[in-house]
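Asks: This structure is in structure tokens; I'll ask about it shortly.
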Protein chains: 2
Amino acid sequence: MSQAFDELKQYLDRAMALQAALQLFEWDDATAAPKEAGKLTSNVIRILSGEYFQAVNNEEVKRLVKASREDESLTPIQAAQVRELSEELEKLSCIPKEEYQDFARLTSEATRVWEEAKEANDFLRFAPTLKQVVEYQKKFAGYRAKDGQRKYDVMLNDYEPGFHMELLDRFFDTIKKEVVPLLKAVSESKVLVRDDFLTGEFSDEQQERIGRFLAEYVGFDFAKGVMAVSAHPFTTNLHNKDVRMTTHYNHNLDSSLFSIIHETGHALYEFGIGDDLTQTLVGQGASMGMHESQSRFFENIIGRNKSFWIPIYETLQEAFPEALSEIGLDLFVNAVNKAEPGFIRTEADELTYSLHILIRYELEKELIEGELSVEDLPRVWADKYEAYLGIRPENVREGVLQDIHWSQGSFGYFPSYALGSAFGAQLYYHMKKEMDFEGLLEEGRLEVIREYLREHIHKYGKLKDSRTILRDITGEDFNPDYYVMYLKEKYGKLYRLDQ
Amino acid sequence: MSQAFDELKQYLDRAMALQAALQLFEWDDATAAPKEAGKLTSNVIRILSGEYFQAVNNEEVKRLVKASREDESLTPIQAAQVRELSEELEKLSCIPKEEYQDFARLTSEATRVWEEAKEANDFLRFAPTLKQVVEYQKKFAGYRAKDGQRKYDVMLNDYEPGFHMELLDRFFDTIKKEVVPLLKAVSESKVLVRDDFLTGEFSDEQQERIGRFLAEYVGFDFAKGVMAVSAHPFTTNLHNKDVRMTTHYNHNLDSSLFSIIHETGHALYEFGIGDDLTQTLVGQGASMGMHESQSRFFENIIGRNKSFWIPIYETLQEAFPEALSEIGLDLFVNAVNKAEPGFIRTEADELTYSLHILIRYELEKELIEGELSVEDLPRVWADKYEAYLGIRPENVREGVLQDIHWSQGSFGYFPSYALGSAFGAQLYYHMKKEMDFEGLLEEGRLEVIREYLREHIHKYGKLKDSRTILRDITGEDFNPDYYVMYLKEKYGKLYRLDQ
């Protein structure tokens, strides 16, 4: 019946296997590989990327995709795979193979250079490499742009289909208009939130033990998953029975805890992908924003909710007796919700977080579409932090070098974080109507919430896009007002802004 | 000039990259992957193996190999690559691709089944899978056999070219004739060697700390290497800047120590492969026996030598104060050289070790060439242990299920361990003439020994075979008499057999 698809399946399977190998190399590089391995290993990565390129982008595949698109006997899942492949093909076929491979090698090296530069607090060490990455990405976007499409829109579309600059400008304008004054009001509030007890000397073992407990409590399945340590926490997967996340430990006891809850949110998405979709092109999250909606939903809406901690706060106190034995639950929950401008995005509270993203969005736009040069990044970065957050980073390690993304060539990715928060808030207000959300948390019945998300979001993989998912669940298109409402309610209450 | 080789290089690079990916999956499976990942990951492995198969075994490669073989302008390294590829091609081209892939998937699953069966101490759980592995290997050997060559000889040749059953029968006859009576004399000796202090409760952290010290002391470079934990210690590598070994910790303090020294011996070989050879088909050890000669040289000839411990015995005492603070160096060195029949090959002393191999050699011969069925393995295994070592294993975990090799389809591999010991002894007697071997150990100058081995063995990779290496170094072909002499001298002295 579907002979073309059956033939195509061979190519798809090869492509997925090569992608899994590349993903394993990426995981290994961040968690295990020895320091000096990088250069020779990037040869391997370059070749495997070329093989992936070749498996997807060849005349035979083009012919089979064309035939499959006309085949009406395909199942919806098969048709979705053909659609994804067709898009990937369109994307790759305008990039010369040589350049694609060189870029894969470059980003593999760039990540290492970025790490070293960050370690040395030396932007100039990273600048020439970053410049090359930017040039490649602009060139690729130029190849791919259709009908006068702008380059940054091409990049944005990779992470969040349907969210172009025009829409995002409006979204971030709302953020600027609503969140900057809200932060100002918070800063001027007389309410002082204590959080001194979160800082101290906590051993890695101590943090790891409670981290594993929390991950499992939230729903991470260690029979199908792995937790390790890396410089920058992330989650990846080989399929829905092999999901991997990392964390890092420092002197703030809440830092690794919330990074673990965050990554567990990502992991739950991957665990929840249907068995019929995993190891296919549609066996991934609907979009970066939808993925981030899950991680931030668990980290913030659940993880920073007093109700979440009610059943397990004693366990936490026992894990950190020096720090928490004298601290009551309310004090703790207030502390982990303290809003305060800071330099580091991943350590930011919910309120200031979107401003970190706003800054990156503006910088990326100017880098790709405007006149901003890589050399000027540290200065302009600092200027924007001063303007929106009222603080100026003194060193690049806490400034422009803090994120891994640009070293990987991921321009257009950052906006997804803010969109994810906004998706999450929209979901939250809807779910509160469907279930006794806080009551479930207080009873430790997280499986009800997990199951709801799995059933309505995770299991579909890429069969639906993010706006369709939101519409199917909430009956409404994407609406950022819920996000603003959520922040105003939460911080208004914590800082008693109505009084 | 060498246009054919330049074209061939593309295929070689692809093959090497795919091999690196497969090696990473193997490492990851043993050290990191979650329990339930196996089934879906083995799909990936199956496909990547097929890609490797395809990269090496196709009409274009055959044509280019043929052209390259006639090309006299190739460098010796290029010519060696062509020779290796030609052999690989000959080996693969007689195996149908489907069967090759199915076998790769089977062994990937078989390793997991073996692990579970071992854990459960249940041979029947592994037997059906092992049966399939044996059948595949016999079938493949049948495809590959030339001019009436016997199947087990085909297998042996993969690990140790030039060492066929006729030669090995003679070698193992010598072992049987010399070592069985020597062990009997040792058992009847009045000398009692104390080793009670080696057993106790030692934490993993405690063992890991001293293990890392020892690895570095022997020469493991952690900037180019990784040490992890797995059920069965092994060493692998992606290239000469990424060498990985594992160990395991138990209640014998010497068990992980000597496994680490052993694996470091393997690792030094891989670190020592020339930069011009790594990531090519000749960038591996000359043979399995030569590889084992290095690991066993470090583990036994160096690691169980009193001179080796003189500079570092205090450090060891400090690492295990409960066990060793009252134990003098001589007592310790005698303890780690105690000869005593035991069930576990990897824990065996040097004297009984070769008898463990003798048993496996005889069983493999009977499985492949004779009438022995998989179901009968546990019984025949136990019978042979009783006959040669005087002890009978009561359970399969300590018997036929102890080794990973058969689950990986590695029949013909075991003899290399005994050959490695014999190669090592031959090298040792020669090196003693070239340098003050024990004096160097006493001064902690291991780099002189390492450098000698690197210069005479490691750097050549597969440019020379094991017999050529032995001949070039010692001026003599392989000669097992040194091994027997070494054992007689060592154990004669320890157990005062001449008195």
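By order in the structure tokens, chains are A, B, ...; within a chain, residues start at 1; ligands start at 1, following the order shown.
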Can you list, as a count of residues only, every protein, DNA or RNA residue that comes within 9 Å of range 396-403 of chain A when you count only C-alpha atoms, leaving out same-chain residues fewer than 5 positions away?
Replies: 19
Asks: Quick check for you: according to DSSP on this backbone, which residues of range 75-313 of chain B are classed as helix (DSSP H, G or I)? Reply as number ranges by chain.
Replies: B: 76-93, 97-120, 123-144, 151-159, 165-188, 196-198, 204-218, 253-272, 288-302, 306-309, 313
Asks: Given the selection you just returned, output its residues as a file containing C-alpha atoms, formatted as a compact mmCIF listing (two decimals), in the first residue's frame.
Replies:
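Okay, this is what ended up in result-v4.txt:
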```
# COMPACT_ATOMS: atom_id res chain seq x y z
CA PRO B 76 53.58 2.50 4.82
CA ILE B 77 50.73 3.74 7.03
CA GLN B 78 48.39 4.12 4.09
CA ALA B 79 49.36 0.69 2.81
CA ALA B 80 48.70 -0.80 6.23
CA GLN B 81 45.23 0.76 6.27
CA VAL B 82 44.49 -0.73 2.88
CA ARG B 83 45.68 -4.11 4.11
CA GLU B 84 43.48 -3.94 7.22
CA LEU B 85 40.49 -2.80 5.22
CA SER B 86 41.05 -5.54 2.71
CA GLU B 87 41.00 -8.13 5.51
CA GLU B 88 37.91 -6.57 7.08
CA LEU B 89 36.25 -6.55 3.67
CA GLU B 90 37.04 -10.18 3.09
CA LYS B 91 35.63 -10.99 6.52
CA LEU B 92 32.42 -8.99 6.10
CA SER B 93 31.70 -9.66 2.48
CA LYS B 97 24.16 -7.73 5.91
CA GLU B 98 20.86 -8.71 7.54
CA GLU B 99 22.56 -11.41 9.59
CA TYR B 100 25.41 -9.09 10.55
CA GLN B 101 22.94 -6.50 11.85
CA ASP B 102 20.77 -9.05 13.62
CA PHE B 103 23.86 -10.37 15.33
CA ALA B 104 24.89 -6.87 16.46
CA ARG B 105 21.45 -6.37 17.99
CA LEU B 106 21.50 -9.83 19.52
CA THR B 107 24.82 -9.33 21.30
CA SER B 108 23.73 -5.94 22.54
CA GLU B 109 20.68 -7.58 24.14
CA ALA B 110 22.64 -10.67 25.15
CA THR B 111 24.93 -8.62 27.37
CA ARG B 112 21.92 -7.36 29.29
CA VAL B 113 20.40 -10.83 29.55
CA TRP B 114 23.73 -12.16 30.78
CA GLU B 115 23.90 -9.45 33.43
CA GLU B 116 20.40 -10.24 34.66
CA ALA B 117 21.02 -13.98 34.63
CA LYS B 118 24.25 -13.49 36.56
CA GLU B 119 22.47 -11.26 39.07
CA ALA B 120 19.77 -13.92 39.46
CA PHE B 123 21.96 -20.03 33.84
CA LEU B 124 18.73 -21.09 32.15
CA ARG B 125 17.80 -17.45 31.77
CA PHE B 126 20.89 -16.92 29.62
CA ALA B 127 21.12 -20.30 27.87
CA PRO B 128 18.66 -19.68 24.98
CA THR B 129 20.34 -16.37 24.13
CA LEU B 130 23.83 -17.85 24.41
CA LYS B 131 22.73 -20.66 22.14
CA GLN B 132 21.76 -18.13 19.49
CA VAL B 133 25.07 -16.33 19.87
CA VAL B 134 26.99 -19.58 19.44
CA GLU B 135 24.93 -20.51 16.39
CA TYR B 136 25.59 -17.15 14.75
CA GLN B 137 29.30 -17.35 15.44
CA LYS B 138 29.53 -20.87 14.05
CA LYS B 139 27.59 -19.83 10.97
CA PHE B 140 29.79 -16.77 10.41
CA ALA B 141 32.97 -18.79 10.88
CA GLY B 142 31.60 -21.29 8.37
CA TYR B 143 31.07 -18.50 5.83
CA ARG B 144 34.59 -17.24 6.40
CA LYS B 151 35.70 -22.78 12.57
CA TYR B 152 37.43 -22.24 15.88
CA ASP B 153 40.65 -21.41 14.01
CA VAL B 154 38.75 -18.72 12.12
CA MET B 155 37.68 -17.23 15.46
CA LEU B 156 41.11 -17.49 17.06
CA ASN B 157 42.66 -15.72 14.12
CA ASP B 158 40.49 -12.63 14.76
CA TYR B 159 42.18 -12.04 18.09
CA MET B 165 44.54 -24.63 17.53
CA GLU B 166 47.57 -26.72 16.75
CA LEU B 167 49.90 -24.14 18.28
CA LEU B 168 47.56 -23.40 21.16
CA ASP B 169 47.08 -27.07 21.97
CA ARG B 170 50.85 -27.27 22.42
CA PHE B 171 50.93 -24.08 24.47
CA PHE B 172 48.14 -25.22 26.77
CA ASP B 173 49.67 -28.69 27.04
CA THR B 174 52.79 -27.02 28.41
CA ILE B 175 50.63 -25.08 30.85
CA LYS B 176 48.89 -28.26 31.92
CA LYS B 177 52.14 -30.17 32.22
CA GLU B 178 54.02 -27.48 34.14
CA VAL B 179 51.48 -25.40 36.03
CA VAL B 180 49.20 -28.11 37.41
CA PRO B 181 52.15 -29.82 39.24
CA LEU B 182 53.53 -26.43 40.31
CA LEU B 183 50.15 -25.55 41.85
CA LYS B 184 50.12 -28.94 43.57
CA ALA B 185 53.58 -28.27 45.06
CA VAL B 186 52.44 -24.85 46.22
CA SER B 187 49.33 -26.34 47.84
CA GLU B 188 51.46 -28.87 49.68
CA ASP B 196 43.19 -11.90 55.87
CA PHE B 197 43.86 -8.16 56.16
CA LEU B 198 42.93 -7.59 52.51
CA ASP B 204 33.71 3.09 47.38
CA GLU B 205 35.05 6.61 47.95
CA GLN B 206 38.06 5.28 49.84
CA GLN B 207 38.79 2.77 47.09
CA GLU B 208 38.21 5.29 44.34
CA ARG B 209 40.59 7.85 45.84
CA ILE B 210 43.54 5.46 46.06
CA GLY B 211 42.54 3.90 42.74
CA ARG B 212 42.85 7.25 41.01
CA PHE B 213 46.18 7.87 42.70
CA LEU B 214 47.48 4.49 41.54
CA ALA B 215 46.19 4.95 38.00
CA GLU B 216 48.00 8.27 37.76
CA TYR B 217 51.13 6.84 39.37
CA VAL B 218 51.24 4.07 36.80
CA LEU B 253 40.91 -3.91 48.93
CA ASP B 254 43.30 -5.43 46.38
CA SER B 255 40.59 -6.32 43.89
CA SER B 256 39.91 -2.83 42.51
CA LEU B 257 43.56 -1.81 42.92
CA PHE B 258 44.87 -4.51 40.63
CA SER B 259 41.97 -4.20 38.22
CA ILE B 260 42.85 -0.51 37.91
CA ILE B 261 46.54 -1.26 37.31
CA HIS B 262 45.49 -3.88 34.76
CA GLU B 263 43.16 -1.53 32.88
CA THR B 264 45.78 1.22 33.05
CA GLY B 265 48.08 -1.17 31.19
CA HIS B 266 45.48 -1.37 28.42
CA ALA B 267 44.98 2.38 28.57
CA LEU B 268 48.72 3.10 28.22
CA TYR B 269 48.70 1.11 25.00
CA GLU B 270 45.89 3.30 23.64
CA PHE B 271 47.46 6.55 24.87
CA GLY B 272 50.67 5.45 23.19
CA MET B 288 44.37 -8.97 21.75
CA GLY B 289 47.29 -10.97 23.15
CA MET B 290 49.65 -8.03 22.80
CA HIS B 291 47.05 -5.82 24.48
CA GLU B 292 46.71 -8.28 27.33
CA SER B 293 50.47 -8.54 27.56
CA GLN B 294 50.52 -4.84 28.48
CA SER B 295 47.70 -4.99 31.02
CA ARG B 296 49.04 -8.11 32.67
CA PHE B 297 52.60 -6.78 32.55
CA PHE B 298 51.47 -3.79 34.60
CA GLU B 299 49.14 -5.74 36.84
CA ASN B 300 51.47 -8.61 37.66
CA ILE B 301 55.07 -8.16 36.65
CA ILE B 302 55.07 -4.55 37.85
CA LYS B 306 57.81 -5.62 45.82
CA SER B 307 59.98 -2.96 44.18
CA PHE B 308 56.88 -1.26 42.75
CA TRP B 309 55.39 -0.76 46.21
CA TYR B 313 53.37 1.61 50.24
```
Asks: Contacts from chain A to chain B, 6 Å maximum, only C-alpha atoms: show me the residue list as a ChimeraX atom specification.
Replies: /A:17,34-37,44,223-225,241-242
Asks: Generate the output file for the selected residues, C-alpha atoms, as an mmCIF file, in the first residue's frame.
Replies:
```cif
data_model
loop_
_atom_site.group_PDB
_atom_site.id
_atom_site.type_symbol
_atom_site.label_atom_id
_atom_site.label_comp_id
_atom_site.auth_asym_id
_atom_site.auth_seq_id
_atom_site.Cartn_x
_atom_site.Cartn_y
_atom_site.Cartn_z
ATOM 1 C CA ALA A 17 19.967 6.488 14.608
ATOM 2 C CA PRO A 34 38.116 13.978 29.087
ATOM 3 C CA LYS A 35 39.303 17.523 28.554
ATOM 4 C CA GLU A 36 41.659 16.909 25.654
ATOM 5 C CA ALA A 37 39.313 14.668 23.677
ATOM 6 C CA VAL A 44 33.795 12.162 14.476
ATOM 7 C CA ALA A 223 14.798 3.084 35.463
ATOM 8 C CA LYS A 224 14.387 5.074 32.242
ATOM 9 C CA GLY A 225 16.575 8.020 33.041
ATOM 10 C CA LYS A 241 13.085 4.983 27.697
ATOM 11 C CA ASP A 242 16.357 6.852 27.968
#
```
Asks: Find, counting only C-alpha atoms, the residue in B:Ile473, B:Ile359, B:Leu74, B:Leu463 that gets nearest to Lys433 in chain B.
Replies: B:Ile473
Asks: Using only C-alpha atoms, which protein or nucleic acid residues come within 12 Å of Arg194 in chain B? Drop anything in the same chain fewer than 5 positions from it, and give the result as a list in words.
Replies: Thr199, Ile327, Gly328, Asp330, Leu331, Phe332, Val333, Asn334, Ala335, Val336, Asn337, Lys338, Ala339 and Glu340 of chain B
Asks: Enter the distance from CA of Ala231 in chain A to CA of Thr247 in chain A, in Å, rounded to one decimal.
Replies: 7.9 Å
Asks: Using Å and a single decimal, report how far CA of Ser68 in chain A sits from CA of Ser42 in chain B.
Replies: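 Interatomic distance, CA of Ser42 in chain B to CA of Ser68 in chain A: 27.9 Å.
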Asks: Grab the CA of Gly274 in chain A to CA of Met245 in chain A distance for me, in Å with one decimal place.
Replies: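 Separating CA of Gly274 in chain A from CA of Met245 in chain A is a distance of 19.6 Å.
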Asks: Tell me which protein, DNA and RNA residues are within 7 Å of range 474-481 of chain A, counting only C-alpha atoms, leaving out same-chain ones fewer than 6 positions away, and put them as a PyMOL selection string.
Replies: chain A and resi 422+430+467
Asks: Hey, what does DSSP flag as strand (DSSP E) within range 39-240 of chain A? Can you give it to me as a ChimeraX atom specification?
Replies: /A:225-229,235-239
Asks: Excluding Ala286 in chain A and residues on its chain fewer than 2 positions from it, collect all residues at most 6 Å away from it, counting only C-alpha atoms, and give them as a compact mmCIF listing (two decimals) with C-alpha atoms, in the first residue's frame.
Replies:
```
# COMPACT_ATOMS: atom_id res chain seq x y z
CA GLY A 461 4.99 14.80 20.39
CA LYS A 462 5.11 16.94 17.30
CA ASP A 465 2.03 22.61 17.28
CA SER A 466 2.07 24.74 20.41
```
Asks: Have a look at B:Tyr11, B:Tyr52, B:Phe202, B:Tyr413 and name the one nearest to Ala319 in chain B; count only C-alpha atoms.
Replies: B:Phe202
